[in-house]
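A quick write-up on the structure given underneath.
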Amino acid sequence: MSPLDAFADGFARRALLEAVMVGGLCGAVGVHVLLRRLPFFTMALGHATFPGVVLAALAGISLFAGAAAFGVVVVAVVALLGARERVDDTSAVGVTLSGAFALGVLLLSAQAGFSRDLTAYLVGSIVTVQPGDLVTTAVVGAAALATLAALHKELVLGAFDRGGLAALGYPVLALDIVLLLVIEATVVTSIPAVGTVLAVALIVAPAATARLWTERLRATMALAAALGAASAVVGLAISLQWRVAAGATIVLVAAALFAVSLLAAPRHGLLARRVAYRASGSGPVSASSRA
Amino acid sequence: MNLFQPFAVPYMQRALVEVLVLGALAGAVGVLVVLRRLAFVGDALTHTVFPGVVIAHLLGRSLLAGALAFGVLTAVLLTTLGSHRRVGNDAALAILLTSFFSLGVVLISRTRGFTADLTVFLFGRVLAVDRSDLYQTLAVAAVAALTLAVVHKELVLRAFDPEAAAAMGYRAGVLDLALNLLIALVVVAAVEAVGTVLVIALIVVPAAAARLLADRVGAMTALACLLGAAGGWLGLAVSYQVSVDHDLRLAAGATIVVVLVGLFLLAAAAAPLRRRLGRGRVAAEGGAR
């Protein structure tokens, strides 16, 4: 049986299309997430959209709209808390993450029969995506990628040299907010496919893998998008074949690609470093300290 | 509202003991987590014990043992992987966290009752804690508290002055491993009763609130223990009262977190006030001299 046979059914084809789009989008956006060291924030964003989804479900409006609206609130709360001198950014994110998630659970627990909907939301349910979801993913993904492409130069400069960006007269804060909104849109879009807990994996892992293979930023983004889409497709095929949870399998494939690259990548892999270390015969190449 | 009346029934008493012990322990460890900005490590550990719990469940062994094995494994991995220059600590954490969690989800998705199990793991079942659960929690908490008592001074030194700690001959890696293991122990002690989302809240939120109100590490730790335990008590009481009096079911674990966040917001509101008072006192003392 060829691997493509798994995609013969209509639902499987829809899932395949969703996987390619979400994987590619997450991979490309992930490079910016890594450049700005935002993985924990992205994680929090995934959790924190939860009460928005619950409220939207109760009010009968689009889950996308609910999640997106709550995501904006979370971005604002983290920014406000983090601005206080005695609350560092990590703690601000931690407090916001747990508080928002608990709020969602509280709202949901007041309803009857909550565990089922919750699971689909937490770990995704890519095989049940509807044509409407596909359209949303396509539109949001195109808008997000177009924004990244249009502002590429400014966003990259902002990641490496905020002072320089400000000195050139660019609105630094506005650019930060645009990037955070793009990340938020990406998280919200990928929730139906891989779920809130695992969206961050599809954003971070392909980008981290790509960074091990290439140094040029545009190449990194292209490679990350390709790796994201490939992880999603392979994971989906495995999950259809063996009947295991799709979102989690996709994440495991992405993580496996990362683990292999971490060992074997030509310049930055652990093996290559060991060889270089032996060859140079000087002090350790990497310090393993954690600040 | 009555703070004592809900605890007349045995299952509420057990839940109360559980959250008081966990709240105090998590508060004490949480201060070190907040000082070192390791909230993400705490979050990662809460997710990475999941496959351990699932495997223990599938093999019919003690869930605690499974969680403990994976907690220790993650603590060691987190410490030894360190930071790869091009990967970054937080990216490595995110990948480790999600892939371990996914492993658990994949394993459990093959079984029946998948959704119910996942929900229990995430949100706990503090009201269903039985006597043996309680003893297990107490045993793990005692080990964690003992460990904390032994290495607390060194961990504080490592947090504030890593160079001095290194100069005094402490190995940074060993101390980091000790702290990661401590966080893992708290997570393991708590995860079956209160769920992962609540654990991370118990660790981070009281400590962050205490940091707003206290300047010295000792005072911060005492306050964090107190806030953690008080949040647990208040949350249980509120959740019970609301469901009995108003027929509105509020999940106990989530109510505790919301109460803790409420306490944090109160602390955030009170902090500027306290600082102004403190400044006034310093000025008055300076004037008297």
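Numbering starts fresh at 1 for the residues of each chain in the structure tokens, the chains themselves are lettered A, B, ... in the order given, and ligands are numbered from 1 as they appear.
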
(message) So that I can see what lies close to Ala100 of chain A, please list as a PyMOL selection string the residues with an atom at most 9 Å from it, counting only C-alpha atoms and leaving out residues fewer than 4 positions away in the same chain.
(response) (chain A and resi 47-51+74+95-96+104-105) or (chain B and resi 258)

Atoms kept (C-alpha atoms) for selection, written as a compact mmCIF listing (two decimals), in the first residue's frame:
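part.txt, freshly written:
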```
# COMPACT_ATOMS: atom_id res chain seq x y z
CA HIS A 47 -3.27 28.45 26.64
CA ALA A 48 -4.66 31.89 27.16
CA THR A 49 -6.95 31.93 24.15
CA PHE A 50 -8.89 29.18 25.92
CA PRO A 51 -11.45 31.33 27.82
CA VAL A 74 -3.49 38.53 26.88
CA VAL A 95 0.81 34.20 35.91
CA THR A 96 -1.16 35.19 32.81
CA GLY A 104 -11.51 29.00 30.80
CA VAL A 105 -11.80 25.79 32.82
CA VAL B 258 -8.40 32.05 39.99
```

(message) Using only C-alpha atoms, I'd like every residue of chain A that has an atom within 7 Å of chain B; please write them out as a VMD selection string.
(response) chain A and resid 34 39 to 40 86 to 87 90 to 91 94 to 95 98 to 99 102 to 103 105 to 106 109 to 110 115 to 116 119 198 201 204 to 205 208 211 to 212 244 to 245 248 to 249 251 to 252 255 288 to 290

(message) So the first atom is atom CA of Leu17 of chain A and the second is atom CA of Gly124 of chain A; what is the distance between them in Å, to one decimal place?
(response) 15.4 Å

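For the choices A:Leu262, A:Ile238, A:Ala56, A:Val200, the atom-to-atom distance to Ala69 of chain A is smallest for A:Ala56 when using only C-alpha atoms.
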
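Atom CA of Leu181 of chain B is found 12.2 Å from atom CA of Thr46 of chain B.
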
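Neighbours of Leu25 of chain B closer than or equal to 9 Å, with only C-alpha atoms counted and sequence neighbours fewer than 3 positions away skipped, come out as B:Leu20, B:Val21, B:Leu22, B:Ala28, B:Val29, B:Gly30, B:Ala141, B:Ala144, B:Ala145, B:Val186, B:Ile203, B:Cys225, B:Gly228, B:Ala229.
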
(request) Report the distance between atom CA of Ala28 of chain A and atom CA of Asp133 of chain A in Å, rounded to one decimal place. (result) 20.1 Å

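Residues in contact range of segment 159-166 of chain A, defined as at most 9 Å between only C-alpha atoms, with sequence neighbours fewer than 6 positions away removed, read His32, Leu35, Arg36 and Val172 of chain A.
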
Enumerate, as an mmCIF file with N, CA and C atoms, in the first residue's frame, the complete set of residues in segment 125-251 of chain B that a backbone-based DSSP assignment places in alpha helix (DSSP H).
```
data_model
loop_
_atom_site.group_PDB
_atom_site.id
_atom_site.type_symbol
_atom_site.label_atom_id
_atom_site.label_comp_id
_atom_site.auth_asym_id
_atom_site.auth_seq_id
_atom_site.Cartn_x
_atom_site.Cartn_y
_atom_site.Cartn_z
ATOM 1 N N ARG B 131 -7.031 8.360 50.991
ATOM 2 C CA ARG B 131 -6.037 8.355 52.052
ATOM 3 C C ARG B 131 -4.644 8.009 51.522
ATOM 4 N N SER B 132 -4.568 7.002 50.628
ATOM 5 C CA SER B 132 -3.237 6.591 50.163
ATOM 6 C C SER B 132 -2.621 7.667 49.254
ATOM 7 N N ASP B 133 -3.463 8.334 48.441
ATOM 8 C CA ASP B 133 -2.961 9.471 47.653
ATOM 9 C C ASP B 133 -2.329 10.497 48.578
ATOM 10 N N LEU B 134 -3.042 10.756 49.668
ATOM 11 C CA LEU B 134 -2.608 11.782 50.601
ATOM 12 C C LEU B 134 -1.252 11.408 51.198
ATOM 13 N N TYR B 135 -1.108 10.129 51.587
ATOM 14 C CA TYR B 135 0.165 9.691 52.163
ATOM 15 C C TYR B 135 1.287 9.819 51.142
ATOM 16 N N GLN B 136 0.992 9.435 49.895
ATOM 17 C CA GLN B 136 2.011 9.557 48.842
ATOM 18 C C GLN B 136 2.463 11.004 48.697
ATOM 19 N N THR B 137 1.462 11.910 48.609
ATOM 20 C CA THR B 137 1.799 13.321 48.473
ATOM 21 C C THR B 137 2.650 13.780 49.645
ATOM 22 N N LEU B 138 2.247 13.392 50.858
ATOM 23 C CA LEU B 138 2.975 13.826 52.043
ATOM 24 C C LEU B 138 4.412 13.306 52.011
ATOM 25 N N ALA B 139 4.587 12.049 51.568
ATOM 26 C CA ALA B 139 5.939 11.478 51.536
ATOM 27 C C ALA B 139 6.817 12.252 50.558
ATOM 28 N N VAL B 140 6.306 12.483 49.335
ATOM 29 C CA VAL B 140 7.103 13.203 48.336
ATOM 30 C C VAL B 140 7.366 14.635 48.801
ATOM 31 N N ALA B 141 6.337 15.248 49.395
ATOM 32 C CA ALA B 141 6.497 16.618 49.871
ATOM 33 C C ALA B 141 7.552 16.683 50.968
ATOM 34 N N ALA B 142 7.593 15.664 51.826
ATOM 35 C CA ALA B 142 8.585 15.657 52.904
ATOM 36 C C ALA B 142 9.992 15.574 52.319
ATOM 37 N N VAL B 143 10.174 14.706 51.322
ATOM 38 C CA VAL B 143 11.489 14.597 50.676
ATOM 39 C C VAL B 143 11.877 15.939 50.063
ATOM 40 N N ALA B 144 10.913 16.566 49.361
ATOM 41 C CA ALA B 144 11.201 17.843 48.714
ATOM 42 C C ALA B 144 11.554 18.901 49.745
ATOM 43 N N ALA B 145 10.788 18.955 50.846
ATOM 44 C CA ALA B 145 11.028 19.969 51.873
ATOM 45 C C ALA B 145 12.405 19.772 52.502
ATOM 46 N N LEU B 146 12.766 18.514 52.740
ATOM 47 C CA LEU B 146 14.072 18.208 53.320
ATOM 48 C C LEU B 146 15.198 18.657 52.385
ATOM 49 N N THR B 147 15.046 18.300 51.085
ATOM 50 C CA THR B 147 16.043 18.695 50.093
ATOM 51 C C THR B 147 16.178 20.209 50.060
ATOM 52 N N LEU B 148 15.023 20.877 50.076
ATOM 53 C CA LEU B 148 15.026 22.338 50.012
ATOM 54 C C LEU B 148 15.765 22.910 51.211
ATOM 55 N N ALA B 149 15.496 22.341 52.403
ATOM 56 C CA ALA B 149 16.144 22.834 53.614
ATOM 57 C C ALA B 149 17.658 22.684 53.511
ATOM 58 N N VAL B 150 18.115 21.590 52.904
ATOM 59 C CA VAL B 150 19.556 21.337 52.835
ATOM 60 C C VAL B 150 20.250 22.294 51.862
ATOM 61 N N VAL B 151 19.646 22.526 50.681
ATOM 62 C CA VAL B 151 20.363 23.291 49.647
ATOM 63 C C VAL B 151 19.842 24.718 49.459
ATOM 64 N N HIS B 152 18.921 25.167 50.331
ATOM 65 C CA HIS B 152 18.289 26.466 50.108
ATOM 66 C C HIS B 152 19.311 27.602 50.033
ATOM 67 N N LYS B 153 20.224 27.625 50.988
ATOM 68 C CA LYS B 153 21.201 28.715 51.053
ATOM 69 C C LYS B 153 22.023 28.775 49.753
ATOM 70 N N GLU B 154 22.469 27.612 49.302
ATOM 71 C CA GLU B 154 23.303 27.548 48.103
ATOM 72 C C GLU B 154 22.508 27.984 46.871
ATOM 73 N N LEU B 155 21.233 27.573 46.806
ATOM 74 C CA LEU B 155 20.423 27.937 45.643
ATOM 75 C C LEU B 155 20.171 29.438 45.604
ATOM 76 N N VAL B 156 19.972 30.047 46.774
ATOM 77 C CA VAL B 156 19.778 31.499 46.814
ATOM 78 C C VAL B 156 21.050 32.207 46.351
ATOM 79 N N LEU B 157 22.187 31.717 46.825
ATOM 80 C CA LEU B 157 23.464 32.295 46.403
ATOM 81 C C LEU B 157 23.630 32.187 44.889
ATOM 82 N N ARG B 158 23.302 31.014 44.352
ATOM 83 C CA ARG B 158 23.408 30.781 42.908
ATOM 84 C C ARG B 158 22.498 31.732 42.135
ATOM 85 N N ALA B 159 21.326 32.051 42.732
ATOM 86 C CA ALA B 159 20.381 32.931 42.047
ATOM 87 C C ALA B 159 20.910 34.360 41.986
ATOM 88 N N PHE B 160 21.517 34.816 43.075
ATOM 89 C CA PHE B 160 21.885 36.228 43.122
ATOM 90 C C PHE B 160 23.299 36.488 42.655
ATOM 91 N N PRO B 162 26.021 34.186 40.807
ATOM 92 C CA PRO B 162 26.567 32.937 40.270
ATOM 93 C C PRO B 162 28.093 32.889 40.343
ATOM 94 N N GLU B 163 28.755 34.051 40.155
ATOM 95 C CA GLU B 163 30.219 34.050 40.187
ATOM 96 C C GLU B 163 30.721 33.678 41.576
ATOM 97 N N ALA B 164 30.104 34.289 42.605
ATOM 98 C CA ALA B 164 30.535 33.990 43.973
ATOM 99 C C ALA B 164 30.305 32.516 44.280
ATOM 100 N N ALA B 165 29.163 31.989 43.819
ATOM 101 C CA ALA B 165 28.868 30.581 44.073
ATOM 102 C C ALA B 165 29.939 29.705 43.433
ATOM 103 N N ALA B 166 30.331 30.062 42.199
ATOM 104 C CA ALA B 166 31.359 29.280 41.510
ATOM 105 C C ALA B 166 32.699 29.423 42.222
ATOM 106 N N ALA B 167 32.998 30.655 42.670
ATOM 107 C CA ALA B 167 34.273 30.894 43.336
ATOM 108 C C ALA B 167 34.366 30.128 44.648
ATOM 109 N N ALA B 172 27.860 24.868 39.376
ATOM 110 C CA ALA B 172 26.580 25.426 38.922
ATOM 111 C C ALA B 172 25.660 24.325 38.409
ATOM 112 N N GLY B 173 26.241 23.374 37.681
ATOM 113 C CA GLY B 173 25.430 22.303 37.110
ATOM 114 C C GLY B 173 24.742 21.484 38.182
ATOM 115 N N VAL B 174 25.465 21.202 39.273
ATOM 116 C CA VAL B 174 24.889 20.401 40.352
ATOM 117 C C VAL B 174 23.746 21.158 41.017
ATOM 118 N N LEU B 175 23.956 22.464 41.262
ATOM 119 C CA LEU B 175 22.907 23.255 41.899
ATOM 120 C C LEU B 175 21.683 23.364 40.994
ATOM 121 N N ASP B 176 21.925 23.549 39.673
ATOM 122 C CA ASP B 176 20.806 23.623 38.738
ATOM 123 C C ASP B 176 20.030 22.321 38.739
ATOM 124 N N LEU B 177 20.776 21.221 38.778
ATOM 125 C CA LEU B 177 20.120 19.916 38.802
ATOM 126 C C LEU B 177 19.281 19.779 40.068
ATOM 127 N N ALA B 178 19.828 20.247 41.205
ATOM 128 C CA ALA B 178 19.090 20.166 42.461
ATOM 129 C C ALA B 178 17.783 20.941 42.364
ATOM 130 N N LEU B 179 17.847 22.158 41.784
ATOM 131 C CA LEU B 179 16.624 22.959 41.682
ATOM 132 C C LEU B 179 15.620 22.313 40.729
ATOM 133 N N ASN B 180 16.122 21.820 39.590
ATOM 134 C CA ASN B 180 15.221 21.164 38.639
ATOM 135 C C ASN B 180 14.563 19.933 39.269
ATOM 136 N N LEU B 181 15.352 19.190 40.056
ATOM 137 C CA LEU B 181 14.792 18.009 40.726
ATOM 138 C C LEU B 181 13.741 18.421 41.752
ATOM 139 N N LEU B 182 14.004 19.532 42.443
ATOM 140 C CA LEU B 182 13.025 20.030 43.418
ATOM 141 C C LEU B 182 11.702 20.368 42.727
ATOM 142 N N ILE B 183 11.803 21.099 41.596
ATOM 143 C CA ILE B 183 10.589 21.452 40.862
ATOM 144 C C ILE B 183 9.873 20.167 40.436
ATOM 145 N N ALA B 184 10.673 19.194 39.953
ATOM 146 C CA ALA B 184 10.083 17.927 39.519
ATOM 147 C C ALA B 184 9.352 17.246 40.674
ATOM 148 N N LEU B 185 9.950 17.280 41.877
ATOM 149 C CA LEU B 185 9.313 16.643 43.032
ATOM 150 C C LEU B 185 7.973 17.306 43.357
ATOM 151 N N VAL B 186 7.958 18.643 43.308
ATOM 152 C CA VAL B 186 6.699 19.344 43.580
ATOM 153 C C VAL B 186 5.646 18.930 42.559
ATOM 154 N N VAL B 187 6.052 18.920 41.286
ATOM 155 C CA VAL B 187 5.109 18.561 40.233
ATOM 156 C C VAL B 187 4.589 17.144 40.460
ATOM 157 N N VAL B 188 5.504 16.224 40.782
ATOM 158 C CA VAL B 188 5.106 14.829 40.974
ATOM 159 C C VAL B 188 4.160 14.688 42.164
ATOM 160 N N ALA B 189 4.494 15.403 43.256
ATOM 161 C CA ALA B 189 3.655 15.314 44.443
ATOM 162 C C ALA B 189 2.251 15.806 44.147
ATOM 163 N N ALA B 190 2.158 16.791 43.256
ATOM 164 C CA ALA B 190 0.884 17.480 43.082
ATOM 165 C C ALA B 190 0.076 16.979 41.907
ATOM 166 N N VAL B 191 0.743 16.370 40.912
ATOM 167 C CA VAL B 191 0.082 16.261 39.614
ATOM 168 C C VAL B 191 -1.163 15.377 39.657
ATOM 169 N N GLU B 192 -1.118 14.307 40.431
ATOM 170 C CA GLU B 192 -2.258 13.411 40.421
ATOM 171 C C GLU B 192 -3.473 14.052 41.090
ATOM 172 N N ALA B 193 -3.207 14.831 42.123
ATOM 173 C CA ALA B 193 -4.318 15.423 42.862
ATOM 174 C C ALA B 193 -4.857 16.673 42.194
ATOM 175 N N VAL B 194 -3.966 17.539 41.746
ATOM 176 C CA VAL B 194 -4.453 18.846 41.334
ATOM 177 C C VAL B 194 -4.260 19.158 39.850
ATOM 178 N N THR B 196 -1.854 19.426 36.057
ATOM 179 C CA THR B 196 -0.662 20.173 35.661
ATOM 180 C C THR B 196 -0.878 21.674 35.662
ATOM 181 N N VAL B 197 -2.046 22.106 35.202
ATOM 182 C CA VAL B 197 -2.248 23.544 35.076
ATOM 183 C C VAL B 197 -2.228 24.199 36.442
ATOM 184 N N LEU B 198 -2.789 23.489 37.430
ATOM 185 C CA LEU B 198 -2.799 24.037 38.778
ATOM 186 C C LEU B 198 -1.399 24.032 39.381
ATOM 187 N N VAL B 199 -0.602 23.023 39.073
ATOM 188 C CA VAL B 199 0.739 22.964 39.654
ATOM 189 C C VAL B 199 1.538 24.195 39.261
ATOM 190 N N ILE B 200 1.532 24.518 37.971
ATOM 191 C CA ILE B 200 2.353 25.644 37.534
ATOM 192 C C ILE B 200 1.842 26.938 38.185
ATOM 193 N N ALA B 201 0.523 27.038 38.367
ATOM 194 C CA ALA B 201 -0.016 28.215 39.051
ATOM 195 C C ALA B 201 0.439 28.251 40.500
ATOM 196 N N LEU B 202 0.415 27.101 41.187
ATOM 197 C CA LEU B 202 0.838 27.052 42.596
ATOM 198 C C LEU B 202 2.300 27.440 42.738
ATOM 199 N N ILE B 203 3.121 27.084 41.749
ATOM 200 C CA ILE B 203 4.545 27.403 41.843
ATOM 201 C C ILE B 203 4.795 28.887 41.567
ATOM 202 N N VAL B 204 4.208 29.389 40.479
ATOM 203 C CA VAL B 204 4.594 30.740 40.029
ATOM 204 C C VAL B 204 3.810 31.854 40.714
ATOM 205 N N VAL B 205 2.486 31.691 40.842
ATOM 206 C CA VAL B 205 1.662 32.841 41.227
ATOM 207 C C VAL B 205 1.923 33.323 42.671
ATOM 208 N N PRO B 206 1.914 32.439 43.700
ATOM 209 C CA PRO B 206 2.178 32.949 45.056
ATOM 210 C C PRO B 206 3.563 33.571 45.170
ATOM 211 N N ALA B 207 4.559 32.966 44.521
ATOM 212 C CA ALA B 207 5.920 33.494 44.616
ATOM 213 C C ALA B 207 6.008 34.869 43.951
ATOM 214 N N ALA B 208 5.353 35.020 42.788
ATOM 215 C CA ALA B 208 5.380 36.320 42.115
ATOM 216 C C ALA B 208 4.694 37.375 42.968
ATOM 217 N N ALA B 209 3.609 36.994 43.641
ATOM 218 C CA ALA B 209 2.911 37.932 44.525
ATOM 219 C C ALA B 209 3.788 38.303 45.710
ATOM 220 N N ALA B 210 4.445 37.290 46.301
ATOM 221 C CA ALA B 210 5.303 37.555 47.464
ATOM 222 C C ALA B 210 6.457 38.471 47.087
ATOM 223 N N ARG B 211 6.942 38.315 45.865
ATOM 224 C CA ARG B 211 8.061 39.148 45.415
ATOM 225 C C ARG B 211 7.659 40.612 45.350
ATOM 226 N N LEU B 212 6.367 40.860 45.075
ATOM 227 C CA LEU B 212 5.884 42.232 45.015
ATOM 228 C C LEU B 212 5.855 42.861 46.402
ATOM 229 N N LEU B 213 5.687 42.000 47.432
ATOM 230 C CA LEU B 213 5.429 42.537 48.770
ATOM 231 C C LEU B 213 6.636 42.481 49.692
ATOM 232 N N VAL B 217 14.654 37.434 51.058
ATOM 233 C CA VAL B 217 14.283 36.110 50.560
ATOM 234 C C VAL B 217 13.498 35.329 51.610
ATOM 235 N N GLY B 218 13.907 35.455 52.890
ATOM 236 C CA GLY B 218 13.210 34.738 53.954
ATOM 237 C C GLY B 218 11.758 35.162 54.045
ATOM 238 N N ALA B 219 11.528 36.484 54.045
ATOM 239 C CA ALA B 219 10.168 37.001 54.135
ATOM 240 C C ALA B 219 9.363 36.593 52.902
ATOM 241 N N MET B 220 10.035 36.637 51.738
ATOM 242 C CA MET B 220 9.371 36.277 50.488
ATOM 243 C C MET B 220 8.904 34.819 50.537
ATOM 244 N N THR B 221 9.782 33.944 51.047
ATOM 245 C CA THR B 221 9.454 32.522 51.107
ATOM 246 C C THR B 221 8.286 32.284 52.061
ATOM 247 N N ALA B 222 8.354 32.914 53.246
ATOM 248 C CA ALA B 222 7.269 32.734 54.216
ATOM 249 C C ALA B 222 5.942 33.199 53.624
ATOM 250 N N LEU B 223 5.993 34.368 52.972
ATOM 251 C CA LEU B 223 4.779 34.939 52.398
ATOM 252 C C LEU B 223 4.230 34.066 51.272
ATOM 253 N N ALA B 224 5.147 33.527 50.443
ATOM 254 C CA ALA B 224 4.707 32.683 49.326
ATOM 255 C C ALA B 224 4.040 31.408 49.845
ATOM 256 N N CYS B 225 4.623 30.797 50.899
ATOM 257 C CA CYS B 225 4.006 29.605 51.507
ATOM 258 C C CYS B 225 2.601 29.935 51.990
ATOM 259 N N LEU B 226 2.520 31.069 52.696
ATOM 260 C CA LEU B 226 1.251 31.493 53.281
ATOM 261 C C LEU B 226 0.208 31.742 52.193
ATOM 262 N N LEU B 227 0.616 32.471 51.131
ATOM 263 C CA LEU B 227 -0.313 32.798 50.049
ATOM 264 C C LEU B 227 -0.759 31.534 49.322
ATOM 265 N N GLY B 228 0.200 30.617 49.081
ATOM 266 C CA GLY B 228 -0.152 29.373 48.389
ATOM 267 C C GLY B 228 -1.182 28.588 49.171
ATOM 268 N N ALA B 229 -0.925 28.431 50.495
ATOM 269 C CA ALA B 229 -1.855 27.670 51.333
ATOM 270 C C ALA B 229 -3.195 28.387 51.439
ATOM 271 N N ALA B 230 -3.146 29.725 51.624
ATOM 272 C CA ALA B 230 -4.391 30.484 51.769
ATOM 273 C C ALA B 230 -5.220 30.413 50.490
ATOM 274 N N GLY B 231 -4.548 30.504 49.334
ATOM 275 C CA GLY B 231 -5.270 30.418 48.066
ATOM 276 C C GLY B 231 -5.957 29.074 47.918
ATOM 277 N N GLY B 232 -5.242 27.997 48.337
ATOM 278 C CA GLY B 232 -5.828 26.670 48.264
ATOM 279 C C GLY B 232 -7.065 26.553 49.132
ATOM 280 N N TRP B 233 -6.959 27.023 50.356
ATOM 281 C CA TRP B 233 -8.074 26.965 51.307
ATOM 282 C C TRP B 233 -9.275 27.755 50.777
ATOM 283 N N LEU B 234 -9.006 29.004 50.435
ATOM 284 C CA LEU B 234 -10.074 29.899 49.976
ATOM 285 C C LEU B 234 -10.739 29.351 48.717
ATOM 286 N N GLY B 235 -9.913 28.852 47.790
ATOM 287 C CA GLY B 235 -10.444 28.328 46.538
ATOM 288 C C GLY B 235 -11.365 27.147 46.766
ATOM 289 N N LEU B 236 -10.938 26.228 47.648
ATOM 290 C CA LEU B 236 -11.779 25.068 47.954
ATOM 291 C C LEU B 236 -13.099 25.514 48.574
ATOM 292 N N ALA B 237 -13.004 26.440 49.542
ATOM 293 C CA ALA B 237 -14.210 26.900 50.231
ATOM 294 C C ALA B 237 -15.172 27.555 49.243
ATOM 295 N N VAL B 238 -14.635 28.422 48.371
ATOM 296 C CA VAL B 238 -15.491 29.124 47.402
ATOM 297 C C VAL B 238 -16.151 28.121 46.469
ATOM 298 N N SER B 239 -15.329 27.181 45.948
ATOM 299 C CA SER B 239 -15.866 26.223 44.994
ATOM 300 C C SER B 239 -16.992 25.392 45.626
ATOM 301 N N TYR B 240 -16.802 25.004 46.906
ATOM 302 C CA TYR B 240 -17.806 24.192 47.600
ATOM 303 C C TYR B 240 -19.073 24.996 47.841
ATOM 304 N N GLN B 241 -18.900 26.198 48.383
ATOM 305 C CA GLN B 241 -20.050 27.031 48.723
ATOM 306 C C GLN B 241 -20.891 27.345 47.494
ATOM 307 N N VAL B 242 -20.200 27.712 46.402
ATOM 308 C CA VAL B 242 -20.939 28.102 45.203
ATOM 309 C C VAL B 242 -21.730 26.915 44.659
ATOM 310 N N SER B 243 -21.104 25.721 44.698
ATOM 311 C CA SER B 243 -21.824 24.593 44.111
ATOM 312 C C SER B 243 -22.956 24.140 45.027
ATOM 313 N N VAL B 244 -22.804 24.314 46.362
ATOM 314 C CA VAL B 244 -23.872 23.896 47.266
ATOM 315 C C VAL B 244 -24.990 24.940 47.305
ATOM 316 N N ASP B 245 -24.608 26.199 47.448
ATOM 317 C CA ASP B 245 -25.616 27.237 47.658
ATOM 318 C C ASP B 245 -26.260 27.716 46.360
#
```

(request) Pick out the residues sitting within 9 Å of Gly24 of chain A, and hand them over as a ChimeraX atom specification; count only C-alpha atoms, and ignore anything fewer than 2 positions along from it in its own chain. (result) /A:19-22,26-29,141,222,224-230,232

For the selection just defined, write its residues with N, CA and C atoms to a file, as a CSV table (one decimal), in the first residue's frame.
```csv
chain,number,residue,atom,x,y,z
A,19,ALA,N,-3.0,20.5,6.9
A,19,ALA,CA,-1.6,20.2,7.4
A,19,ALA,C,-0.5,21.0,6.7
A,20,VAL,N,-0.6,21.0,5.4
A,20,VAL,CA,0.4,21.7,4.6
A,20,VAL,C,0.4,23.2,4.9
A,21,MET,N,-0.9,23.7,4.9
A,21,MET,CA,-1.0,25.2,5.1
A,21,MET,C,-0.5,25.6,6.5
A,22,VAL,N,-1.0,24.9,7.6
A,22,VAL,CA,-0.7,25.2,8.9
A,22,VAL,C,0.8,25.0,9.2
A,26,CYS,N,3.3,28.0,10.3
A,26,CYS,CA,3.9,28.0,11.6
A,26,CYS,C,5.4,28.0,11.4
A,27,GLY,N,5.9,27.3,10.5
A,27,GLY,CA,7.4,27.2,10.3
A,27,GLY,C,7.9,28.6,10.0
A,28,ALA,N,7.3,29.3,9.1
A,28,ALA,CA,7.8,30.6,8.7
A,28,ALA,C,7.8,31.6,9.9
A,29,VAL,N,6.6,31.6,10.6
A,29,VAL,CA,6.5,32.6,11.7
A,29,VAL,C,7.4,32.2,12.8
A,141,GLY,N,-3.5,32.7,6.9
A,141,GLY,CA,-2.1,32.4,6.5
A,141,GLY,C,-1.5,33.3,5.5
A,222,ALA,N,12.4,29.8,4.6
A,222,ALA,CA,11.9,28.9,3.6
A,222,ALA,C,12.0,27.4,4.1
A,224,ALA,N,12.3,26.4,7.2
A,224,ALA,CA,11.4,26.1,8.3
A,224,ALA,C,9.9,25.9,7.8
A,225,ALA,N,9.5,26.6,6.8
A,225,ALA,CA,8.2,26.4,6.3
A,225,ALA,C,8.0,25.0,5.7
A,226,ALA,N,9.1,24.7,4.9
A,226,ALA,CA,9.1,23.3,4.3
A,226,ALA,C,9.1,22.2,5.3
A,227,LEU,N,9.9,22.4,6.3
A,227,LEU,CA,10.0,21.4,7.4
A,227,LEU,C,8.7,21.3,8.2
A,228,GLY,N,8.0,22.4,8.4
A,228,GLY,CA,6.8,22.4,9.1
A,228,GLY,C,5.7,21.7,8.3
A,229,ALA,N,5.6,22.0,7.0
A,229,ALA,CA,4.6,21.3,6.2
A,229,ALA,C,4.9,19.8,6.1
A,230,ALA,N,6.2,19.5,5.9
A,230,ALA,CA,6.6,18.1,5.8
A,230,ALA,C,6.3,17.3,7.1
A,232,ALA,N,4.0,18.0,9.2
A,232,ALA,CA,2.5,17.9,9.4
A,232,ALA,C,2.0,16.8,8.5
```

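Omitting segment 51-55 of chain B and its sequence neighbours fewer than 6 positions away, and counting only C-alpha atoms, the residues within 6 Å are Leu63, Gly66, Ala67, Phe70 and Gly104 of chain B.
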